[in-house]
file start.txt (compact mmCIF, N, CA, C and O atoms)
# COMPACT_ATOMS: atom_id res chain seq x y z
N MET A 13 -14.83 -96.28 14.49
CA MET A 13 -15.55 -95.08 14.89
C MET A 13 -14.62 -94.10 15.60
O MET A 13 -15.01 -93.01 15.94
N MET A 14 -13.40 -94.48 15.84
CA MET A 14 -12.48 -93.61 16.55
C MET A 14 -11.81 -92.62 15.60
O MET A 14 -10.60 -92.53 15.51
N ASN A 15 -12.60 -91.84 14.89
CA ASN A 15 -12.05 -90.83 14.01
C ASN A 15 -11.83 -89.53 14.78
O ASN A 15 -12.10 -89.44 15.97
N ASN A 16 -11.30 -88.53 14.10
CA ASN A 16 -10.99 -87.26 14.76
C ASN A 16 -12.21 -86.59 15.36
O ASN A 16 -12.13 -85.99 16.43
N ALA A 17 -13.35 -86.66 14.67
CA ALA A 17 -14.57 -86.03 15.19
C ALA A 17 -15.01 -86.72 16.49
O ALA A 17 -15.40 -86.04 17.45
N TYR A 18 -14.94 -88.03 16.51
CA TYR A 18 -15.32 -88.77 17.72
C TYR A 18 -14.36 -88.47 18.86
O TYR A 18 -14.76 -88.27 20.00
N GLN A 19 -13.07 -88.41 18.55
CA GLN A 19 -12.07 -88.06 19.56
C GLN A 19 -12.33 -86.66 20.11
O GLN A 19 -12.18 -86.42 21.31
N SER A 20 -12.74 -85.74 19.25
CA SER A 20 -13.07 -84.39 19.69
C SER A 20 -14.26 -84.40 20.64
O SER A 20 -14.25 -83.72 21.68
N LEU A 21 -15.27 -85.20 20.33
CA LEU A 21 -16.43 -85.34 21.22
C LEU A 21 -15.99 -85.85 22.58
O LEU A 21 -16.37 -85.30 23.61
N LEU A 22 -15.18 -86.89 22.59
CA LEU A 22 -14.70 -87.45 23.86
C LEU A 22 -13.93 -86.41 24.66
O LEU A 22 -14.09 -86.31 25.88
N LYS A 23 -13.10 -85.65 23.97
CA LYS A 23 -12.32 -84.61 24.65
C LYS A 23 -13.23 -83.56 25.28
O LYS A 23 -13.05 -83.18 26.44
N HIS A 24 -14.26 -83.14 24.54
CA HIS A 24 -15.19 -82.14 25.08
C HIS A 24 -15.98 -82.69 26.27
O HIS A 24 -16.19 -81.98 27.26
N LEU A 25 -16.40 -83.93 26.18
CA LEU A 25 -17.11 -84.54 27.32
C LEU A 25 -16.19 -84.65 28.54
O LEU A 25 -16.60 -84.36 29.66
N ALA A 26 -14.95 -85.05 28.31
CA ALA A 26 -14.00 -85.19 29.41
C ALA A 26 -13.68 -83.85 30.05
O ALA A 26 -13.38 -83.79 31.25
N ASN A 27 -13.78 -82.77 29.30
CA ASN A 27 -13.49 -81.44 29.83
C ASN A 27 -14.65 -80.86 30.65
O ASN A 27 -14.47 -79.84 31.31
N CYS A 28 -15.80 -81.51 30.60
CA CYS A 28 -16.93 -81.04 31.40
C CYS A 28 -16.62 -81.27 32.88
O CYS A 28 -16.11 -82.33 33.26
N SER A 29 -16.92 -80.28 33.70
CA SER A 29 -16.56 -80.37 35.11
C SER A 29 -17.64 -81.04 35.96
O SER A 29 -17.36 -81.46 37.07
N ASP A 30 -18.88 -81.12 35.45
CA ASP A 30 -19.94 -81.76 36.22
C ASP A 30 -21.07 -82.19 35.29
O ASP A 30 -21.04 -81.95 34.10
N SER A 31 -22.08 -82.84 35.87
CA SER A 31 -23.18 -83.38 35.07
C SER A 31 -23.99 -82.29 34.39
O SER A 31 -24.57 -82.51 33.33
N HIS A 32 -24.03 -81.10 34.97
CA HIS A 32 -24.78 -80.01 34.34
C HIS A 32 -24.12 -79.57 33.04
O HIS A 32 -24.80 -79.29 32.06
N GLU A 33 -22.80 -79.52 33.03
CA GLU A 33 -22.09 -79.18 31.79
C GLU A 33 -22.28 -80.26 30.74
O GLU A 33 -22.46 -79.98 29.57
N ILE A 34 -22.21 -81.52 31.17
CA ILE A 34 -22.43 -82.63 30.24
C ILE A 34 -23.84 -82.54 29.66
O ILE A 34 -24.04 -82.70 28.45
N GLU A 35 -24.82 -82.26 30.51
CA GLU A 35 -26.21 -82.14 30.05
C GLU A 35 -26.33 -81.03 29.02
O GLU A 35 -26.96 -81.22 27.97
N ARG A 36 -25.75 -79.89 29.29
CA ARG A 36 -25.83 -78.76 28.34
C ARG A 36 -25.18 -79.12 27.01
O ARG A 36 -25.70 -78.81 25.94
N LEU A 37 -24.03 -79.80 27.07
CA LEU A 37 -23.35 -80.20 25.85
C LEU A 37 -24.20 -81.21 25.06
O LEU A 37 -24.39 -81.06 23.85
N LEU A 38 -24.74 -82.21 25.75
CA LEU A 38 -25.56 -83.21 25.06
C LEU A 38 -26.84 -82.60 24.48
O LEU A 38 -27.28 -82.98 23.40
N GLN A 39 -27.42 -81.63 25.19
CA GLN A 39 -28.62 -80.95 24.66
C GLN A 39 -28.28 -80.18 23.40
O GLN A 39 -29.11 -80.09 22.49
N ALA A 40 -27.09 -79.61 23.34
CA ALA A 40 -26.68 -78.88 22.15
C ALA A 40 -26.37 -79.81 20.99
O ALA A 40 -26.60 -79.46 19.83
N LEU A 41 -25.87 -81.00 21.30
CA LEU A 41 -25.43 -81.93 20.26
C LEU A 41 -26.51 -82.87 19.76
O LEU A 41 -26.49 -83.25 18.59
N LEU A 42 -27.43 -83.27 20.64
CA LEU A 42 -28.37 -84.33 20.32
C LEU A 42 -29.80 -83.84 20.27
O LEU A 42 -30.18 -82.95 21.04
N THR A 43 -30.59 -84.45 19.42
CA THR A 43 -32.03 -84.17 19.42
C THR A 43 -32.64 -84.76 20.68
O THR A 43 -32.03 -85.60 21.35
N ASP A 44 -33.86 -84.36 20.98
CA ASP A 44 -34.56 -84.93 22.13
C ASP A 44 -34.66 -86.45 22.01
O ASP A 44 -34.48 -87.17 22.98
N LYS A 45 -34.95 -86.93 20.79
CA LYS A 45 -35.08 -88.37 20.58
C LYS A 45 -33.75 -89.07 20.81
O LYS A 45 -33.71 -90.13 21.44
N GLU A 46 -32.66 -88.51 20.33
CA GLU A 46 -31.35 -89.12 20.54
C GLU A 46 -31.00 -89.18 22.03
O GLU A 46 -30.48 -90.19 22.51
N GLN A 47 -31.31 -88.11 22.75
CA GLN A 47 -31.08 -88.09 24.20
C GLN A 47 -31.89 -89.20 24.88
O GLN A 47 -31.39 -89.91 25.74
N GLN A 48 -33.16 -89.34 24.48
CA GLN A 48 -34.02 -90.36 25.06
C GLN A 48 -33.53 -91.76 24.72
O GLN A 48 -33.56 -92.65 25.56
N ASP A 49 -33.05 -91.95 23.49
CA ASP A 49 -32.53 -93.26 23.08
C ASP A 49 -31.33 -93.66 23.93
O ASP A 49 -31.22 -94.82 24.36
N ILE A 50 -30.44 -92.71 24.19
CA ILE A 50 -29.26 -93.00 25.02
C ILE A 50 -29.70 -93.29 26.45
O ILE A 50 -29.22 -94.24 27.08
N ALA A 51 -30.61 -92.48 26.96
CA ALA A 51 -31.11 -92.70 28.32
C ALA A 51 -31.79 -94.07 28.43
O ALA A 51 -31.59 -94.79 29.43
N ASN A 52 -32.55 -94.45 27.42
CA ASN A 52 -33.21 -95.76 27.43
C ASN A 52 -32.18 -96.88 27.40
O ASN A 52 -32.35 -97.90 28.06
N ARG A 53 -31.09 -96.72 26.65
CA ARG A 53 -30.06 -97.75 26.59
C ARG A 53 -29.46 -97.97 27.98
O ARG A 53 -29.31 -99.11 28.43
N ILE A 54 -29.17 -96.89 28.69
CA ILE A 54 -28.63 -97.00 30.04
C ILE A 54 -29.66 -97.65 30.97
O ILE A 54 -29.34 -98.53 31.77
N ARG A 55 -30.92 -97.26 30.82
CA ARG A 55 -31.99 -97.83 31.66
C ARG A 55 -32.15 -99.32 31.37
O ARG A 55 -32.38 -100.12 32.28
N ILE A 56 -32.01 -99.71 30.11
CA ILE A 56 -32.07 -101.13 29.74
C ILE A 56 -30.98 -101.90 30.47
O ILE A 56 -31.23 -102.96 31.04
N PHE A 57 -29.76 -101.36 30.48
CA PHE A 57 -28.67 -102.02 31.21
C PHE A 57 -29.04 -102.20 32.68
O PHE A 57 -28.87 -103.27 33.25
N ASP A 58 -29.54 -101.13 33.30
CA ASP A 58 -29.91 -101.18 34.72
C ASP A 58 -30.97 -102.24 34.98
O ASP A 58 -30.85 -103.03 35.93
N LEU A 59 -32.01 -102.26 34.16
CA LEU A 59 -33.11 -103.20 34.37
C LEU A 59 -32.69 -104.64 34.11
O LEU A 59 -33.10 -105.56 34.84
N LEU A 60 -31.86 -104.86 33.09
CA LEU A 60 -31.35 -106.21 32.85
C LEU A 60 -30.54 -106.69 34.05
O LEU A 60 -30.65 -107.85 34.45
N ASN A 61 -29.74 -105.79 34.62
CA ASN A 61 -28.96 -106.14 35.81
C ASN A 61 -29.84 -106.50 36.99
O ASN A 61 -29.42 -107.24 37.88
N GLN A 62 -31.04 -105.96 37.03
CA GLN A 62 -31.99 -106.25 38.11
C GLN A 62 -32.76 -107.55 37.86
O GLN A 62 -33.58 -107.95 38.68
N GLY A 63 -32.51 -108.17 36.71
CA GLY A 63 -33.17 -109.43 36.40
C GLY A 63 -34.54 -109.27 35.76
O GLY A 63 -35.29 -110.24 35.66
N ILE A 64 -34.86 -108.07 35.32
CA ILE A 64 -36.13 -107.83 34.64
C ILE A 64 -36.06 -108.46 33.24
O ILE A 64 -35.02 -108.37 32.57
N THR A 65 -37.13 -109.10 32.82
CA THR A 65 -37.13 -109.74 31.50
C THR A 65 -37.13 -108.70 30.39
O THR A 65 -37.57 -107.56 30.58
N GLN A 66 -36.64 -109.12 29.24
CA GLN A 66 -36.61 -108.22 28.09
C GLN A 66 -38.02 -107.73 27.73
O GLN A 66 -38.21 -106.57 27.41
N ARG A 67 -38.99 -108.61 27.81
CA ARG A 67 -40.37 -108.23 27.49
C ARG A 67 -40.88 -107.18 28.47
O ARG A 67 -41.51 -106.20 28.09
N GLU A 68 -40.60 -107.37 29.76
CA GLU A 68 -41.04 -106.40 30.77
C GLU A 68 -40.36 -105.05 30.56
O GLU A 68 -40.98 -104.00 30.70
N ILE A 69 -39.08 -105.08 30.20
CA ILE A 69 -38.35 -103.83 29.94
C ILE A 69 -38.96 -103.12 28.74
O ILE A 69 -39.18 -101.91 28.77
N SER A 70 -39.25 -103.87 27.70
CA SER A 70 -39.88 -103.31 26.51
C SER A 70 -41.18 -102.60 26.86
O SER A 70 -41.42 -101.47 26.45
N ASP A 71 -42.01 -103.27 27.65
CA ASP A 71 -43.29 -102.69 28.07
C ASP A 71 -43.09 -101.47 28.96
O ASP A 71 -43.76 -100.45 28.80
N GLN A 72 -42.16 -101.58 29.91
CA GLN A 72 -41.94 -100.50 30.88
C GLN A 72 -41.42 -99.23 30.22
O GLN A 72 -41.85 -98.12 30.55
N LEU A 73 -40.48 -99.38 29.27
CA LEU A 73 -39.88 -98.21 28.63
C LEU A 73 -40.61 -97.76 27.37
O LEU A 73 -40.32 -96.69 26.85
N GLY A 74 -41.51 -98.59 26.90
CA GLY A 74 -42.23 -98.24 25.67
C GLY A 74 -41.34 -98.31 24.43
O GLY A 74 -41.49 -97.52 23.51
N VAL A 75 -40.40 -99.26 24.44
CA VAL A 75 -39.51 -99.46 23.30
C VAL A 75 -39.74 -100.87 22.76
O VAL A 75 -40.29 -101.73 23.45
N GLY A 76 -39.31 -101.09 21.54
CA GLY A 76 -39.47 -102.40 20.93
C GLY A 76 -38.58 -103.44 21.57
O GLY A 76 -37.53 -103.13 22.14
N ILE A 77 -38.98 -104.68 21.46
CA ILE A 77 -38.20 -105.78 22.01
C ILE A 77 -36.83 -105.85 21.34
O ILE A 77 -35.83 -106.20 21.98
N ALA A 78 -36.75 -105.46 20.06
CA ALA A 78 -35.46 -105.46 19.36
C ALA A 78 -34.50 -104.46 19.99
O ALA A 78 -33.29 -104.71 20.07
N THR A 79 -35.02 -103.33 20.46
CA THR A 79 -34.19 -102.32 21.13
C THR A 79 -33.60 -102.90 22.40
O THR A 79 -32.41 -102.72 22.71
N VAL A 80 -34.42 -103.61 23.16
CA VAL A 80 -33.96 -104.22 24.40
C VAL A 80 -32.96 -105.34 24.09
O VAL A 80 -31.92 -105.46 24.76
N SER A 81 -33.22 -106.12 23.06
CA SER A 81 -32.32 -107.20 22.68
C SER A 81 -30.95 -106.66 22.26
O SER A 81 -29.92 -107.24 22.60
N ARG A 82 -30.94 -105.53 21.54
CA ARG A 82 -29.67 -104.91 21.17
C ARG A 82 -28.90 -104.48 22.42
O ARG A 82 -27.69 -104.65 22.51
N GLY A 83 -29.62 -103.91 23.39
CA GLY A 83 -28.97 -103.52 24.64
C GLY A 83 -28.39 -104.72 25.37
O GLY A 83 -27.28 -104.66 25.90
N ALA A 84 -29.12 -105.83 25.38
CA ALA A 84 -28.64 -107.05 26.02
C ALA A 84 -27.40 -107.58 25.31
O ALA A 84 -26.45 -108.04 25.96
N LYS A 85 -27.39 -107.50 23.99
CA LYS A 85 -26.24 -107.96 23.22
C LYS A 85 -25.01 -107.11 23.52
O LYS A 85 -23.90 -107.63 23.67
N VAL A 86 -25.20 -105.81 23.62
CA VAL A 86 -24.09 -104.91 23.96
C VAL A 86 -23.52 -105.30 25.32
O VAL A 86 -22.30 -105.33 25.51
N MET A 87 -24.40 -105.60 26.27
CA MET A 87 -23.95 -106.00 27.60
C MET A 87 -23.11 -107.27 27.55
O MET A 87 -22.16 -107.42 28.31
N GLN A 88 -23.45 -108.18 26.64
CA GLN A 88 -22.70 -109.43 26.51
C GLN A 88 -21.34 -109.19 25.87
O GLN A 88 -20.37 -109.89 26.19
N ASN A 89 -21.26 -108.21 24.98
CA ASN A 89 -20.03 -107.98 24.21
C ASN A 89 -19.06 -107.00 24.87
O ASN A 89 -17.92 -106.90 24.46
N HIS A 90 -19.53 -106.26 25.85
CA HIS A 90 -18.71 -105.24 26.52
C HIS A 90 -18.90 -105.38 28.02
O HIS A 90 -19.93 -105.84 28.49
N ASP A 91 -17.94 -104.93 28.77
CA ASP A 91 -18.04 -105.00 30.23
C ASP A 91 -18.78 -103.75 30.73
O ASP A 91 -18.22 -102.90 31.40
N VAL A 92 -20.05 -103.66 30.37
CA VAL A 92 -20.86 -102.47 30.64
C VAL A 92 -20.99 -102.22 32.15
O VAL A 92 -20.90 -101.08 32.59
N ASN A 93 -21.17 -103.26 32.92
CA ASN A 93 -21.36 -103.09 34.36
C ASN A 93 -20.20 -102.34 35.00
O ASN A 93 -20.39 -101.42 35.79
N SER A 94 -18.98 -102.72 34.65
CA SER A 94 -17.83 -102.05 35.26
C SER A 94 -17.70 -100.63 34.74
O SER A 94 -17.27 -99.73 35.48
N LEU A 95 -18.06 -100.40 33.49
CA LEU A 95 -17.98 -99.05 32.94
C LEU A 95 -18.94 -98.10 33.64
O LEU A 95 -18.60 -96.96 33.93
N LEU A 96 -20.14 -98.58 33.91
CA LEU A 96 -21.16 -97.72 34.52
C LEU A 96 -21.00 -97.63 36.03
O LEU A 96 -21.18 -96.57 36.61
N SER A 97 -20.67 -98.73 36.66
CA SER A 97 -20.63 -98.72 38.13
C SER A 97 -19.52 -97.84 38.67
O SER A 97 -19.66 -97.26 39.73
N THR A 98 -18.44 -97.68 37.94
CA THR A 98 -17.33 -96.85 38.43
C THR A 98 -17.65 -95.37 38.32
O THR A 98 -16.98 -94.56 38.92
N HIS A 99 -18.68 -95.04 37.57
CA HIS A 99 -19.01 -93.63 37.37
C HIS A 99 -20.31 -93.22 38.02
O HIS A 99 -20.74 -92.10 37.90
N ARG A 100 -20.99 -94.12 38.70
CA ARG A 100 -22.26 -93.80 39.33
C ARG A 100 -22.07 -92.79 40.44
O ARG A 100 -21.09 -92.82 41.16
N GLY A 101 -23.03 -91.90 40.56
CA GLY A 101 -23.02 -90.95 41.65
C GLY A 101 -22.19 -89.70 41.38
O GLY A 101 -22.20 -88.77 42.17
N ASN A 102 -21.48 -89.66 40.27
CA ASN A 102 -20.70 -88.46 39.95
C ASN A 102 -21.61 -87.42 39.34
O ASN A 102 -22.45 -87.72 38.52
N GLY A 103 -21.38 -86.15 39.73
CA GLY A 103 -22.13 -85.04 39.14
C GLY A 103 -23.40 -84.89 39.80
O GLY A 103 -24.46 -84.70 39.58
call {"tool": "encode", "arguments": {"input": "start.txt", "output": "structure tokens"}}
result
Amino acid sequence: MMNNAYQSLLKHLANCSDSHEIERLLQALLTDKEQQDIANRIRIFDLLNQGITQREISDQLGVGIATVSRGAKVMQNHDVNSLLSTHRGNG
């Protein structure tokens, strides 16, 4: 997935000076549903870290259990906690 278009996206995101610029860029790039899907993925990570069950997360966010399971699998395959915790509170 690391093609030139993706690298360009990363460069544009990195050039944003604060969360408001990132928000404006994401609003221009993504549909409302895509924005919500990304936000839900982050929320799934947060809730899993709090020890909330996958079923409870599914009910709380109004997403399918498969969506939550995919988020849990991503957490197992990547060091998501360190990626997110180092960037919390910025912007």
call {"tool": "select_by_dssp", "arguments": {"input": "start.txt", "residues": "stretch 17-95 of chain A", "states": "helix (DSSP H, G or I)", "output": "PyMOL selection string"}}
result
chain A and resi 17-26+31-41+44-61+66-73+77-89+92-95
call {"tool": "atom_distance", "arguments": {"input": "start.txt", "atom1": "atom C of A:Thr65", "atom2": "atom CA of A:His90"}}
result
19.1 Å
call {"tool": "residues_around", "arguments": {"input": "start.txt", "residues": "stretch 68-82 of chain A", "least_positions_apart": "6", "cutoff": "10 Å", "atoms": "only C-alpha atoms", "output": "PyMOL selection string"}}
result
chain A and resi 49+52-53+55-57+59-60+88
call {"tool": "residues_around", "arguments": {"input": "start.txt", "residues": "A:Ile34", "least_positions_apart": "5", "cutoff": "7 Å", "atoms": "all atoms listed in the file", "output": "short mmCIF file (atom, residue, chain, number, x, y, z; two decimals) with N, CA, C and O atoms, in the coordinates of the input"}}
result
data_model
loop_
_atom_site.label_atom_id
_atom_site.label_comp_id
_atom_site.auth_asym_id
_atom_site.auth_seq_id
_atom_site.Cartn_x
_atom_site.Cartn_y
_atom_site.Cartn_z
N HIS A 24 -14.26 -83.14 24.54
CA HIS A 24 -15.19 -82.14 25.08
C HIS A 24 -15.98 -82.69 26.27
O HIS A 24 -16.19 -81.98 27.26
N LEU A 25 -16.40 -83.93 26.18
CA LEU A 25 -17.11 -84.54 27.32
C LEU A 25 -16.19 -84.65 28.54
O LEU A 25 -16.60 -84.36 29.66
N CYS A 28 -15.80 -81.51 30.60
CA CYS A 28 -16.93 -81.04 31.40
C CYS A 28 -16.62 -81.27 32.88
O CYS A 28 -16.11 -82.33 33.26
N SER A 29 -16.92 -80.28 33.70
CA SER A 29 -16.56 -80.37 35.11
C SER A 29 -17.64 -81.04 35.96
O SER A 29 -17.36 -81.46 37.07
N GLN A 39 -27.42 -81.63 25.19
CA GLN A 39 -28.62 -80.95 24.66
C GLN A 39 -28.28 -80.18 23.40
O GLN A 39 -29.11 -80.09 22.49
N ALA A 40 -27.09 -79.61 23.34
CA ALA A 40 -26.68 -78.88 22.15
C ALA A 40 -26.37 -79.81 20.99
O ALA A 40 -26.60 -79.46 19.83
#
call {"tool": "closest_residue", "arguments": {"input": "start.txt", "among": "A:Ala84, A:Leu21, A:Leu42, A:Leu96", "to": "A:Gln66", "atoms": "only C-alpha atoms"}}
result
A:Ala84
